[in-house]
Amino acid sequence: MGDSPGTEEAIKRWDRYADLFTAGYDANGDIHREVLLNPVLSRLVEPIRDKKVLDAGCGEGYLSRIFAKSGAIVSAVDYSKRMLEIAQNKTAEDLNIRFYHGNCEKLDCFADKSFDLIVSNMVIQDLEHYRDAIKEMYRLLADGGTFIFSILHPCFVTPNSGWERNHEGEKLYWKIDNYFYEGVYDQVIPREQPDKILLFHRTLSSYFRAIKDAGFIVDDLIEPKPSAEMLKKYPSFKEDLRSSDFIVFKLRK
Ligand SMILES: C[S@@+](CC[C@H](N)C(=O)[O-])C[C@H]1O[C@@H](n2cnc3c(N)ncnc32)[C@H](O)[C@@H]1O
């Protein structure tokens, strides 16, 4: 926790750790995306065929590829050049995706009302100027358009939150601390490096205010839980039934 090193430093770290961060990704992203986020996002984006979609903070691009395979016309933007390289290398040329280098806080490369749908998966908590980014998504949406974003759940994932364990190392309960702190803190990734990926914490009410001030209407709010099918495949996710790792907003312009 402390003074923010700023957006450019945050992106330098994304560039440095892009390969490491995405090493465990397959066509469905990582395991948390497969179990918790993708089922919610897939449901919320429908119908997506022929829609003009922006994947804001696309990372290595798995979601853009899923959307393009479902018939969407996809633009994908990220501020990390290394992430974009990985994304482009993983994307077949015949898929309907155009990649852009840009900062989600100010996307001058796109005109007003360019998109029917914007999805930003696990990005807004990585942005120092999150209020600007939410306003920017409003500008980029056609009237009636939808903005869906997922973040770490700010009520449960806070600076210094984590499992309390007994002497044997068994998990007792999930501890929350510093909820009202607003600002930068270090992500745990990568464990072995001193310079971590940066995260920003804000309270739920600050997110709500940013959404309202931008002009959005809240259509849905989801705290993803693993399905019975996913629990059978990955039994360790039973722990996710004790608190919520993520929250997903569906907003309308
Ligand atoms: C946690 S990753 C999520 C990537 C992808 N959406 C996914 O779900 O796999 C966050 C991504 O946001 C990008 N990012 C961080 N700050 C950004 C900014 N200001 N503008 C655009 N992208 C940014 C990072 O480079 C990284 O690719």
# chains A, B, ... in the order shown; residues from 1 in each chain; ligands from 1
$ residues_near_ligand --ligand "ligand 1" --cutoff "6 Å" --atoms "only C-alpha atoms and all ligand atoms" --output "PyMOL selection string"
chain A and resi 11+14+57-59+78-80+83+102-105+121-123+126-127
$ select_by_dssp --residues "range 65-94 of chain A" --states "helix (DSSP H, G or I)" --output "PyMOL selection string"
chain A and resi 65-69+81-90
$ write_last_selection --atoms "C-alpha atoms" --output "JSON list (two decimals), in the first residue's frame"
[["chain", "number", "residue", "atom", "x", "y", "z"],
["A", 65, "ARG", "CA", -11.42, -15.52, -29.60],
["A", 66, "ILE", "CA", -14.48, -17.01, -27.88],
["A", 67, "PHE", "CA", -16.58, -13.98, -28.90],
["A", 68, "ALA", "CA", -15.29, -14.01, -32.51],
["A", 69, "LYS", "CA", -16.07, -17.74, -32.80],
["A", 81, "LYS", "CA", 2.63, -4.52, -25.95],
["A", 82, "ARG", "CA", 3.85, -7.95, -24.82],
["A", 83, "MET", "CA", 0.28, -9.06, -24.01],
["A", 84, "LEU", "CA", -0.79, -7.94, -27.48],
["A", 85, "GLU", "CA", 2.05, -9.90, -29.08],
["A", 86, "ILE", "CA", 0.98, -13.04, -27.20],
["A", 87, "ALA", "CA", -2.65, -12.41, -28.18],
["A", 88, "GLN", "CA", -1.81, -11.97, -31.85],
["A", 89, "ASN", "CA", 0.40, -15.07, -31.90],
["A", 90, "LYS", "CA", -2.47, -17.14, -30.45]]
$ residues_around --residues "Phe216 in chain A" --least-positions-apart "6" --cutoff "9 Å" --atoms "only C-alpha atoms" --output "ChimeraX atom specification"
/A:138,147,251-253
$ atom_distance --atom1 "CA of Gly145 in chain A" --atom2 "CA of Asp116 in chain A"
4.8 Å
$ residues_around --residues "Lys225 in chain A" --least-positions-apart "2" --cutoff "12 Å" --atoms "only C-alpha atoms" --output "PyMOL selection string"
chain A and resi 32-40+222-223+227-231+237-248
$ write_last_selection --atoms "N, CA, C and O atoms" --output "compact mmCIF listing (two decimals), in the first residue's frame"
# COMPACT_ATOMS: atom_id res chain seq x y z
N HIS A 32 -9.70 -20.15 -12.88
CA HIS A 32 -10.73 -19.30 -12.26
C HIS A 32 -11.68 -18.75 -13.32
O HIS A 32 -12.88 -18.60 -13.07
N ARG A 33 -11.13 -18.46 -14.48
CA ARG A 33 -11.99 -17.98 -15.55
C ARG A 33 -12.92 -19.10 -16.02
O ARG A 33 -14.12 -18.91 -16.17
N GLU A 34 -12.35 -20.30 -16.20
CA GLU A 34 -13.17 -21.43 -16.66
C GLU A 34 -14.31 -21.73 -15.67
O GLU A 34 -15.46 -21.90 -16.06
N VAL A 35 -13.97 -21.75 -14.37
CA VAL A 35 -14.96 -22.21 -13.38
C VAL A 35 -15.94 -21.10 -13.01
O VAL A 35 -17.15 -21.35 -12.89
N LEU A 36 -15.43 -19.88 -12.81
CA LEU A 36 -16.28 -18.85 -12.21
C LEU A 36 -16.71 -17.75 -13.18
O LEU A 36 -17.88 -17.35 -13.17
N LEU A 37 -15.78 -17.25 -13.98
CA LEU A 37 -16.11 -16.05 -14.77
C LEU A 37 -16.77 -16.37 -16.11
O LEU A 37 -17.77 -15.75 -16.49
N ASN A 38 -16.19 -17.34 -16.84
CA ASN A 38 -16.71 -17.59 -18.20
C ASN A 38 -18.19 -17.96 -18.24
O ASN A 38 -18.93 -17.46 -19.11
N PRO A 39 -18.67 -18.81 -17.31
CA PRO A 39 -20.11 -19.15 -17.38
C PRO A 39 -21.00 -17.92 -17.23
O PRO A 39 -22.02 -17.79 -17.91
N VAL A 40 -20.59 -16.99 -16.35
CA VAL A 40 -21.39 -15.77 -16.15
C VAL A 40 -21.30 -14.87 -17.39
O VAL A 40 -22.32 -14.40 -17.92
N ILE A 222 -23.57 -9.87 -10.37
CA ILE A 222 -23.45 -11.30 -10.10
C ILE A 222 -22.18 -11.59 -9.32
O ILE A 222 -21.11 -11.06 -9.64
N GLU A 223 -22.30 -12.42 -8.29
CA GLU A 223 -21.14 -12.91 -7.53
C GLU A 223 -21.00 -14.38 -7.92
O GLU A 223 -21.75 -15.24 -7.43
N SER A 227 -20.57 -24.04 -10.59
CA SER A 227 -21.73 -24.91 -10.81
C SER A 227 -21.43 -26.30 -10.26
O SER A 227 -20.26 -26.63 -10.01
N ALA A 228 -22.46 -27.12 -10.12
CA ALA A 228 -22.28 -28.50 -9.64
C ALA A 228 -21.33 -29.26 -10.56
O ALA A 228 -20.46 -30.02 -10.12
N GLU A 229 -21.47 -28.98 -11.85
CA GLU A 229 -20.62 -29.65 -12.85
C GLU A 229 -19.14 -29.27 -12.64
O GLU A 229 -18.25 -30.12 -12.65
N MET A 230 -18.90 -27.98 -12.40
CA MET A 230 -17.53 -27.50 -12.19
C MET A 230 -16.97 -28.02 -10.86
O MET A 230 -15.79 -28.33 -10.76
N LEU A 231 -17.84 -28.12 -9.84
CA LEU A 231 -17.37 -28.63 -8.54
C LEU A 231 -16.94 -30.09 -8.65
O LEU A 231 -16.01 -30.54 -7.98
N PHE A 237 -12.73 -26.10 -5.55
CA PHE A 237 -13.49 -24.85 -5.63
C PHE A 237 -14.62 -24.77 -4.61
O PHE A 237 -15.32 -23.76 -4.52
N LYS A 238 -14.78 -25.85 -3.78
CA LYS A 238 -15.79 -25.77 -2.69
C LYS A 238 -15.49 -24.58 -1.79
O LYS A 238 -16.39 -23.97 -1.22
N GLU A 239 -14.17 -24.23 -1.67
CA GLU A 239 -13.78 -23.08 -0.85
C GLU A 239 -14.40 -21.78 -1.35
O GLU A 239 -14.61 -20.85 -0.58
N ASP A 240 -14.65 -21.71 -2.67
CA ASP A 240 -15.22 -20.49 -3.21
C ASP A 240 -16.67 -20.31 -2.80
O ASP A 240 -17.27 -19.30 -3.10
N LEU A 241 -17.22 -21.31 -2.11
CA LEU A 241 -18.58 -21.15 -1.61
C LEU A 241 -18.56 -20.49 -0.23
O LEU A 241 -19.60 -20.29 0.38
N ARG A 242 -17.37 -20.16 0.27
CA ARG A 242 -17.28 -19.51 1.59
C ARG A 242 -17.24 -17.99 1.47
O ARG A 242 -17.61 -17.29 2.41
N SER A 243 -16.72 -17.47 0.38
CA SER A 243 -16.85 -16.03 0.10
C SER A 243 -16.80 -15.90 -1.42
O SER A 243 -16.74 -16.90 -2.12
N SER A 244 -16.84 -14.67 -1.90
CA SER A 244 -16.91 -14.50 -3.35
C SER A 244 -15.61 -13.84 -3.84
O SER A 244 -15.26 -12.76 -3.37
N ASP A 245 -14.93 -14.49 -4.75
CA ASP A 245 -13.67 -13.93 -5.27
C ASP A 245 -13.91 -12.77 -6.23
O ASP A 245 -13.11 -11.86 -6.33
N PHE A 246 -15.02 -12.88 -6.98
CA PHE A 246 -15.26 -11.92 -8.08
C PHE A 246 -16.65 -11.31 -7.99
O PHE A 246 -17.55 -11.89 -7.37
N ILE A 247 -16.79 -10.17 -8.66
CA ILE A 247 -18.12 -9.58 -8.84
C ILE A 247 -18.21 -9.12 -10.29
O ILE A 247 -17.21 -8.65 -10.85
N VAL A 248 -19.37 -9.32 -10.89
CA VAL A 248 -19.56 -8.97 -12.31
C VAL A 248 -20.73 -7.99 -12.42
O VAL A 248 -21.82 -8.26 -11.89
$ residues_around --residues "Lys171 in chain A" --least-positions-apart "5" --cutoff "12 Å" --atoms "only C-alpha atoms" --output "ChimeraX atom specification"
/A:162-166,239,242
$ select_by_dssp --residues "range 34-226 of chain A" --states "strand (DSSP E)" --output "PyMOL selection string"
chain A and resi 52-56+73-78+97-101+115-121+141-152+162-165+171-175+183-186+198-201+217-222
$ atom_distance --atom1 "CA of Asp94 in chain A" --atom2 "CA of Cys109 in chain A"
22.8 Å
$ residues_around --residues "Phe249 in chain A" --least-positions-apart "3" --cutoff "12 Å" --atoms "only C-alpha atoms" --output "MDAnalysis selection string"
chainID A and resid 37 40:41 44:45 118:122 124 134 146:153 204 207:208 211 216:224 246 252
$ write_last_selection --atoms "C-alpha atoms" --output "tab-separated table (two decimals), in the first residue's frame"
chain	number	residue	atom	x	y	z
A	37	LEU	CA	-16.11	-16.05	-14.77
A	40	VAL	CA	-21.39	-15.77	-16.15
A	41	LEU	CA	-19.89	-13.76	-19.02
A	44	LEU	CA	-24.59	-12.05	-19.96
A	45	VAL	CA	-23.23	-11.28	-23.45
A	118	ILE	CA	-17.93	-3.79	-24.19
A	119	VAL	CA	-16.53	-6.52	-21.94
A	120	SER	CA	-13.67	-5.86	-19.56
A	121	ASN	CA	-12.65	-9.01	-17.75
A	122	MET	CA	-10.55	-8.47	-14.61
A	124	ILE	CA	-10.76	-2.27	-13.90
A	134	ILE	CA	-15.76	3.66	-16.83
A	146	THR	CA	-24.03	-2.88	-22.68
A	147	PHE	CA	-20.87	-2.71	-20.59
A	148	ILE	CA	-19.97	-5.85	-18.64
A	149	PHE	CA	-17.01	-5.84	-16.31
A	150	SER	CA	-15.63	-8.27	-13.73
A	151	ILE	CA	-13.26	-7.40	-10.91
A	152	LEU	CA	-11.86	-8.96	-7.77
A	153	HIS	CA	-14.68	-8.67	-5.23
A	204	LEU	CA	-18.00	-1.22	-3.37
A	207	TYR	CA	-17.44	1.53	-7.72
A	208	PHE	CA	-21.17	2.18	-7.49
A	211	ILE	CA	-20.90	3.69	-12.44
A	216	PHE	CA	-24.93	3.85	-16.55
A	217	ILE	CA	-27.97	1.91	-15.40
A	218	VAL	CA	-27.19	-1.31	-13.52
A	219	ASP	CA	-28.94	-4.22	-15.27
A	220	ASP	CA	-27.39	-7.06	-13.27
A	221	LEU	CA	-24.85	-7.80	-10.55
A	222	ILE	CA	-23.45	-11.30	-10.10
A	223	GLU	CA	-21.14	-12.91	-7.53
A	224	PRO	CA	-20.04	-16.04	-9.44
A	246	PHE	CA	-15.26	-11.92	-8.08
A	252	ARG	CA	-26.60	-0.25	-19.79
